[in-house]
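Asks: Next up, query_31.txt (compact mmCIF, C-alpha atoms and all ligand atoms).
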# COMPACT_ATOMS: atom_id res chain seq x y z
CA MET A 150 -22.41 18.98 8.69
CA ALA A 151 -21.44 15.75 6.87
CA ARG A 152 -17.86 14.65 7.52
CA VAL A 153 -15.84 11.70 6.25
CA PHE A 154 -12.67 10.19 7.67
CA LEU A 155 -10.17 8.84 5.13
CA VAL A 156 -8.24 6.45 7.35
CA GLY A 157 -5.04 4.46 6.90
CA ALA A 158 -5.45 0.91 8.22
CA GLY A 159 -1.72 0.12 8.24
CA PRO A 160 -0.23 -3.10 6.84
CA GLY A 161 -2.58 -5.57 8.54
CA ASP A 162 -1.58 -6.09 12.17
CA PRO A 163 -4.35 -4.35 14.15
CA GLU A 164 -1.75 -3.21 16.70
CA LEU A 165 -0.22 -1.09 13.94
CA LEU A 166 -3.38 1.01 13.63
CA THR A 167 -3.07 4.50 15.05
CA LEU A 168 -5.05 5.18 18.23
CA LYS A 169 -7.13 7.66 16.23
CA ALA A 170 -7.96 5.08 13.53
CA ALA A 171 -9.01 2.53 16.18
CA ARG A 172 -11.17 5.10 17.99
CA LEU A 173 -12.91 6.15 14.75
CA LEU A 174 -13.56 2.54 13.74
CA ARG A 175 -15.15 1.74 17.12
CA ASP A 176 -17.50 4.67 16.59
CA ALA A 177 -18.34 4.15 12.90
CA ASP A 178 -21.77 3.84 11.30
CA VAL A 179 -20.49 3.01 7.80
CA VAL A 180 -17.08 1.63 6.77
CA LEU A 181 -16.01 1.35 3.13
CA HIS A 182 -12.83 -0.70 2.99
CA ASP A 183 -10.21 -2.01 0.58
CA SER A 184 -9.44 -5.69 0.02
CA LEU A 185 -6.14 -5.40 1.94
CA VAL A 186 -7.98 -4.56 5.16
CA GLY A 187 -8.26 -7.84 7.04
CA PRO A 188 -10.88 -9.27 9.41
CA ALA A 189 -8.79 -8.56 12.52
CA ILE A 190 -9.18 -4.83 11.90
CA LEU A 191 -12.83 -4.98 10.86
CA GLU A 192 -13.61 -6.69 14.18
CA LEU A 193 -13.21 -3.27 15.80
CA VAL A 194 -16.27 -1.97 13.92
CA PRO A 195 -19.52 -2.15 15.95
CA PRO A 196 -21.84 -5.01 14.83
CA ALA A 197 -24.61 -2.55 13.93
CA ALA A 198 -22.41 -0.63 11.49
CA GLU A 199 -22.59 -1.20 7.74
CA ILE A 200 -19.38 -2.60 6.27
CA ILE A 201 -18.94 -2.26 2.51
CA ASP A 202 -16.09 -4.07 0.73
CA VAL A 203 -15.02 -1.93 -2.22
CA GLY A 204 -11.79 -3.87 -2.60
CA LYS A 205 -9.62 -4.12 -5.67
CA ARG A 206 -7.17 -6.97 -6.19
CA CYS A 207 -5.23 -7.60 -9.39
CA GLY A 208 -7.32 -9.51 -11.92
CA LYS A 209 -10.42 -9.80 -9.70
CA ALA A 210 -13.74 -8.01 -9.99
CA SER A 211 -13.64 -4.74 -8.13
CA THR A 212 -15.71 -1.64 -7.56
CA ALA A 213 -14.87 1.08 -10.09
CA GLN A 214 -13.25 4.16 -8.56
CA ALA A 215 -16.16 6.35 -9.73
CA ASP A 216 -18.60 4.05 -7.88
CA ILE A 217 -16.48 4.18 -4.72
CA CYS A 218 -16.56 7.98 -4.85
CA ARG A 219 -20.33 7.93 -5.37
CA LEU A 220 -20.89 5.51 -2.47
CA LEU A 221 -18.68 7.64 -0.24
CA VAL A 222 -20.60 10.83 -1.00
CA GLU A 223 -24.00 9.08 -0.62
CA ALA A 224 -22.99 7.65 2.76
CA ALA A 225 -21.69 11.01 3.95
CA LEU A 226 -24.94 12.76 3.00
CA THR A 227 -26.84 10.50 5.43
CA ARG A 228 -24.82 12.32 8.15
CA LYS A 229 -23.71 9.02 9.60
CA LYS A 230 -20.12 8.56 10.79
CA VAL A 231 -18.43 7.38 7.59
CA ILE A 232 -14.96 5.86 7.48
CA ARG A 233 -13.13 5.20 4.23
CA LEU A 234 -10.55 2.63 5.31
CA LYS A 235 -7.52 2.05 3.09
CA GLY A 236 -4.63 -0.38 3.52
CA GLY A 237 -1.34 1.13 4.67
CA ASP A 238 -1.20 4.89 4.29
CA PRO A 239 -4.04 6.39 2.26
CA SER A 240 -1.72 8.77 0.44
CA ILE A 241 0.51 6.04 -1.01
CA PHE A 242 -0.94 4.39 -4.11
CA GLY A 243 -4.39 4.68 -2.54
CA ARG A 244 -6.34 6.66 -5.19
CA LEU A 245 -6.81 9.25 -2.45
CA THR A 246 -6.86 12.24 -4.80
CA GLU A 247 -9.99 11.03 -6.62
CA GLU A 248 -11.85 10.68 -3.32
CA ILE A 249 -10.68 14.08 -2.06
CA GLU A 250 -11.97 15.64 -5.29
CA ALA A 251 -15.34 13.88 -5.03
CA LEU A 252 -15.80 15.03 -1.43
CA ARG A 253 -14.75 18.61 -2.26
CA GLN A 254 -17.18 18.72 -5.20
CA ALA A 255 -19.99 17.60 -2.89
CA HIS A 256 -18.91 20.16 -0.24
CA ILE A 257 -18.36 17.40 2.29
CA GLU A 258 -15.75 17.99 4.98
CA PHE A 259 -13.15 15.32 5.47
CA GLU A 260 -10.13 14.45 7.55
CA ILE A 261 -7.20 12.25 6.53
CA ILE A 262 -5.71 9.93 9.14
CA PRO A 263 -2.28 8.61 8.05
CA GLY A 264 -1.33 4.96 8.45
CA ILE A 265 1.82 2.86 8.46
CA THR A 266 2.74 2.07 4.89
CA ALA A 267 3.84 -1.39 3.70
CA ALA A 268 7.47 -0.32 3.18
CA SER A 269 7.81 0.74 6.82
CA ALA A 270 6.22 -2.49 8.04
CA ALA A 271 8.42 -4.59 5.74
CA ALA A 272 11.62 -2.89 6.90
CA ALA A 273 10.59 -3.34 10.53
CA THR A 274 10.01 -7.04 9.89
CA LEU A 275 13.53 -7.30 8.47
CA GLN A 276 14.97 -5.39 11.43
CA ALA A 277 16.43 -3.01 8.88
CA SER A 278 16.27 0.70 8.18
CA LEU A 279 14.89 2.01 4.88
CA THR A 280 17.58 4.69 4.84
CA GLN A 281 21.11 4.29 6.12
CA ARG A 282 23.99 6.73 6.48
CA HIS A 283 26.51 6.38 3.61
CA VAL A 284 24.63 3.38 2.13
CA ALA A 285 21.07 4.52 1.40
CA ARG A 286 20.64 8.27 1.42
CA THR A 287 17.52 8.15 -0.74
CA LEU A 288 14.27 6.22 -0.58
CA HIS A 289 12.19 5.91 -3.72
CA ILE A 290 8.67 4.61 -3.34
CA ILE A 291 7.57 3.38 -6.76
CA THR A 292 4.81 1.34 -8.31
CA GLY A 293 5.78 -1.59 -10.49
CA HIS A 294 2.43 -1.54 -12.26
CA GLY A 295 1.39 1.19 -14.69
CA ALA A 296 -2.10 2.70 -14.90
CA GLU A 297 -2.38 0.76 -18.17
CA GLN A 298 -0.83 -2.72 -18.57
CA GLY A 299 2.94 -3.05 -18.26
CA LEU A 300 5.72 -1.29 -16.39
CA PRO A 301 5.28 2.40 -15.61
CA ALA A 302 7.49 4.87 -17.48
CA HIS A 303 9.74 5.78 -14.55
CA ASN A 304 13.13 7.34 -15.08
CA TRP A 305 14.80 3.93 -14.69
CA ALA A 306 18.31 5.29 -15.22
CA ALA A 307 17.87 7.75 -12.33
CA LEU A 308 16.43 5.03 -10.09
CA ALA A 309 19.24 2.60 -10.93
CA GLN A 310 21.91 5.17 -10.27
CA ALA A 311 20.44 6.81 -7.15
CA GLY A 312 22.28 4.30 -4.99
CA GLY A 313 19.61 4.25 -2.28
CA THR A 314 16.62 2.12 -1.39
CA LEU A 315 13.85 1.23 -3.80
CA ALA A 316 10.52 0.22 -2.29
CA VAL A 317 8.44 -1.32 -5.05
CA TYR A 318 4.68 -1.58 -4.55
CA MET A 319 2.59 -3.79 -6.84
CA GLY A 320 5.82 -5.08 -8.34
CA SER A 321 5.23 -8.85 -8.67
CA LYS A 322 3.47 -9.02 -12.02
CA TYR A 323 6.10 -7.22 -14.06
CA LEU A 324 9.11 -8.02 -11.88
CA PRO A 325 11.22 -9.68 -14.61
CA TRP A 326 10.88 -6.54 -16.79
CA LEU A 327 11.52 -4.22 -13.83
CA VAL A 328 14.72 -6.08 -12.95
CA LYS A 329 15.84 -6.05 -16.60
CA LYS A 330 15.39 -2.27 -16.71
CA LEU A 331 17.41 -1.70 -13.53
CA LEU A 332 20.20 -4.02 -14.68
CA ALA A 333 20.28 -2.40 -18.13
CA GLU A 334 20.64 1.00 -16.47
CA GLY A 335 23.66 -0.12 -14.46
CA MET A 336 22.39 -1.48 -11.14
CA SER A 337 24.54 -4.39 -9.93
CA SER A 338 22.99 -7.83 -10.40
CA GLU A 339 24.16 -8.67 -6.86
CA THR A 340 22.22 -5.81 -5.23
CA PRO A 341 20.34 -7.30 -2.26
CA ALA A 342 16.59 -7.66 -2.76
CA VAL A 343 13.90 -8.85 -0.37
CA SER A 344 10.27 -9.59 -1.07
CA ILE A 345 7.84 -9.51 1.82
CA GLU A 346 4.35 -10.92 1.37
CA TRP A 347 1.64 -9.86 3.83
CA ALA A 348 4.06 -7.84 5.98
CA SER A 349 2.96 -7.75 9.64
CA ARG A 350 0.26 -10.41 9.24
CA PRO A 351 0.55 -13.99 10.59
CA GLU A 352 0.82 -15.33 7.00
CA GLN A 353 3.87 -13.13 6.29
CA ARG A 354 6.54 -14.70 4.01
CA ILE A 355 10.01 -13.33 3.24
CA ILE A 356 12.32 -14.16 0.34
CA HIS A 357 15.92 -12.96 0.07
CA ALA A 358 17.77 -13.05 -3.26
CA SER A 359 20.06 -10.96 -5.38
CA LEU A 360 18.29 -8.53 -7.68
CA ALA A 361 19.03 -10.74 -10.72
CA ARG A 362 17.66 -13.88 -9.04
CA MET A 363 14.56 -12.35 -7.39
CA PRO A 364 12.12 -12.83 -10.31
CA GLU A 365 12.81 -16.58 -10.38
CA ALA A 366 12.69 -16.86 -6.56
CA LEU A 367 9.39 -15.01 -6.40
CA MET A 368 7.90 -17.07 -9.22
CA GLN A 369 8.77 -20.27 -7.32
CA ALA A 370 7.21 -18.92 -4.12
CA ALA A 371 3.99 -18.10 -6.04
CA PRO A 372 2.66 -15.54 -3.55
CA SER A 373 -1.09 -15.08 -3.36
CA GLY A 374 -1.01 -12.03 -1.04
CA PRO A 375 0.32 -8.50 -1.53
CA VAL A 376 4.09 -8.31 -1.98
CA LEU A 377 6.41 -5.44 -1.23
CA LEU A 378 9.85 -5.51 -2.75
CA LEU A 379 12.81 -3.78 -1.12
CA ILE A 380 15.99 -3.33 -3.16
CA GLY A 381 19.28 -1.86 -2.03
CA LEU A 382 22.39 -2.23 0.10
CA ALA A 383 20.46 -1.30 3.24
CA PHE A 384 19.19 -4.92 3.22
CA ARG A 385 22.53 -6.69 2.80
CA ASP A 386 22.50 -7.99 6.41
CA SER A 387 18.76 -8.46 6.87
C1 LIG B 401 -2.70 -0.30 -3.92
S1 LIG B 401 -1.18 -0.44 -3.08
C2 LIG B 401 -1.63 0.23 -1.52
C3 LIG B 401 -0.46 0.62 -0.65
C4 LIG B 401 -0.87 1.11 0.71
N1 LIG B 401 -1.62 2.35 0.60
C5 LIG B 401 0.32 1.30 1.65
O1 LIG B 401 0.61 2.43 2.03
O2 LIG B 401 0.93 0.28 2.02
C6 LIG B 401 -1.13 -2.18 -2.77
C7 LIG B 401 0.29 -2.69 -2.71
O3 LIG B 401 0.90 -2.32 -1.49
C8 LIG B 401 1.77 -3.32 -1.05
N2 LIG B 401 1.28 -3.82 0.26
C9 LIG B 401 0.25 -3.33 0.95
N3 LIG B 401 0.13 -3.98 2.13
C10 LIG B 401 1.12 -4.89 2.17
C11 LIG B 401 1.54 -5.86 3.12
N4 LIG B 401 0.91 -6.03 4.30
N5 LIG B 401 2.61 -6.63 2.83
C12 LIG B 401 3.29 -6.47 1.66
N6 LIG B 401 2.93 -5.56 0.73
C13 LIG B 401 1.87 -4.78 0.98
C14 LIG B 401 1.78 -4.40 -2.12
O4 LIG B 401 2.81 -4.10 -3.04
C15 LIG B 401 0.41 -4.20 -2.73
O5 LIG B 401 0.37 -4.71 -4.05
Go through the file and emit its structure as C-alpha cells.
Replies:
Amino acid sequence: MARVFLVGAGPGDPELLTLKAARLLRDADVVLHDSLVGPAILELVPPAAEIIDVGKRCGKASTAQADICRLLVEAALTRKKVIRLKGGDPSIFGRLTEEIEALRQAHIEFEIIPGITAASAAAATLQASLTQRHVARTLHIITGHGAEQGLPAHNWAALAQAGGTLAVYMGSKYLPWLVKKLLAEGMSSETPAVSIEWASRPEQRIIHASLARMPEALMQAAPSGPVLLLIGLAFRDS
C-alpha cells in the first residue's frame, strides 16, 4: 500500500527536527521539499534517494501547487518511501490541505508529522514567551500576504484590539500597509515589534523597533531570507 509522509522540517536548525522526521528522512527514497528547507537538513537524506526541490519563494519561479500534488501522487504510486518535507509546521501556511485532498483522491494513505513553526523558533531565539499571563492572553498567527496581491482581508480591528501577540508570517512585502491598518484600528504606535530573519539558522538576524518604526527599520535591513514578525507587549524586554 502506497503511503506518504507529510513532514514538518522545523525552522532550519536540524536539531529542531523531530526524532520521527529525522528517522523518516534517513530512510527516504524520494523527498519533495520546499525552498525553506536548507542543506543541513537534506544532508540526512541517503545519497541514493531522489531529492526534488518544489520550492516557492516570493517573486521567483516555483512549481505550481497542482504540479506538486501530481508529483507527490506519482512518487507515491511507485511504492517508494516518499517524504513531502515542508518548512516549519506543515499545517501553518503550508498548502497542506491541497496535498491532503490530492492524496485522498488517489486513495493514497498518508501521515502528517508536525514540526516547530517559525513563531515558536523566533520566540525561543528572543528568550521570550509567545503568550504571557496578564500581558498576552491570545496568540494570532496571521499571514501578511493575501492569496492575491496585497494585504489579506483580516478583521484588523479585532486583531488590533485583542491585546495579545501577533505572529505575522510573510509580512515583509506589505508591512507598511499592515502597520497602518493596526495603527488606524487603535494599536499603540509604541507597541514592541521584533523581526527575525532565518530564525534558528546561523544567518539569523533580529531587529527590534516600535510598531510604527518597524517598516523603516526592516527596509533598511533589506532581508533576503524569510522574516517572521512578532508584535505585542510580550516582547517588551526581549
Ligand atoms: C509559506 S510560510 C511557511 C511557514 C511554515 N510552515 C512554518 O510553520 O514556519 C513562509 C513564511 O514563514 C516564515 N518563516 C518560515 N521559516 C522561518 C524562519 N526560519 N525564520 C523566520 N521566518 C520564517 C516567514 O514569514 C516566511 O515568509
Asks: Taking only C-alpha atoms and all ligand atoms into account, which residues have an atom no farther than 8 Å from ligand LIG 401 (chain B)? I'd like them as a VMD selection string.
Replies: chain A and resid 157 159 to 161 185 235 to 244 264 to 268 270 to 271 292 317 to 321 345 to 350 353 374 to 378
Asks: Could you give me, as a count of residues only, the residues within 8 Å of Leu308 (chain A), counting only C-alpha atoms and dropping anything in the same chain fewer than 5 positions from it?
Replies: 3
Asks: Kindly indicate which residue among A:Ala358, A:Ala277, A:Ala285, A:Met368 lies nearest to Pro325 (chain A), using only C-alpha atoms for the distances.
Replies: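 Using only C-alpha atoms, the shortest distance to Pro325 (chain A) belongs to A:Met368.
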Asks: Taking only residues of region 223-288 of chain A that have an atom at most 10 Å from an atom of region 174-178 of chain A, what is each one's shortest atom pair and its distance in Å to one decimal, using all atoms listed in the file, in chain and number order, as a Markdown table?
Replies:
| residue | atom | partner | partner_atom | distance |
| --- | --- | --- | --- | --- |
| A:Ala224 | CA | A:Asp178 | CA | 9.4 |
| A:Arg228 | CA | A:Asp178 | CA | 9.5 |
| A:Lys229 | CA | A:Asp178 | CA | 5.8 |
| A:Lys230 | CA | A:Asp178 | CA | 5.0 |
| A:Val231 | CA | A:Asp178 | CA | 6.1 |
| A:Ile232 | CA | A:Ala177 | CA | 6.6 |
| A:Arg233 | CA | A:Leu174 | CA | 9.9 |
| A:Leu234 | CA | A:Leu174 | CA | 9.0 |
Asks: Between A:Leu173, A:Ile356, A:Ile249, A:Ile200, which one has atoms that come closest to Ile380 (chain A), using only C-alpha atoms?
Replies: A:Ile356
Asks: Leaving out region 298-304 of chain A and any residue of its chain fewer than 4 positions from it, which residues lie within 9 Å of it when counting only C-alpha atoms, given as a list in words?
Replies: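 Close residues of region 298-304 of chain A: Ile291, Thr292, Gly293, His294, Leu308, Ala309, Gly320, Lys322, Tyr323, Leu324, Trp326 and Leu327 of chain A.
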Asks: I need the residue nearest Leu165 (chain A) from this list: A:Ala189, A:Thr246, A:Glu365, A:Arg253. Use all atoms listed in the file for the distance.
Replies: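 Smallest separation from Leu165 (chain A) among the options: A:Ala189.
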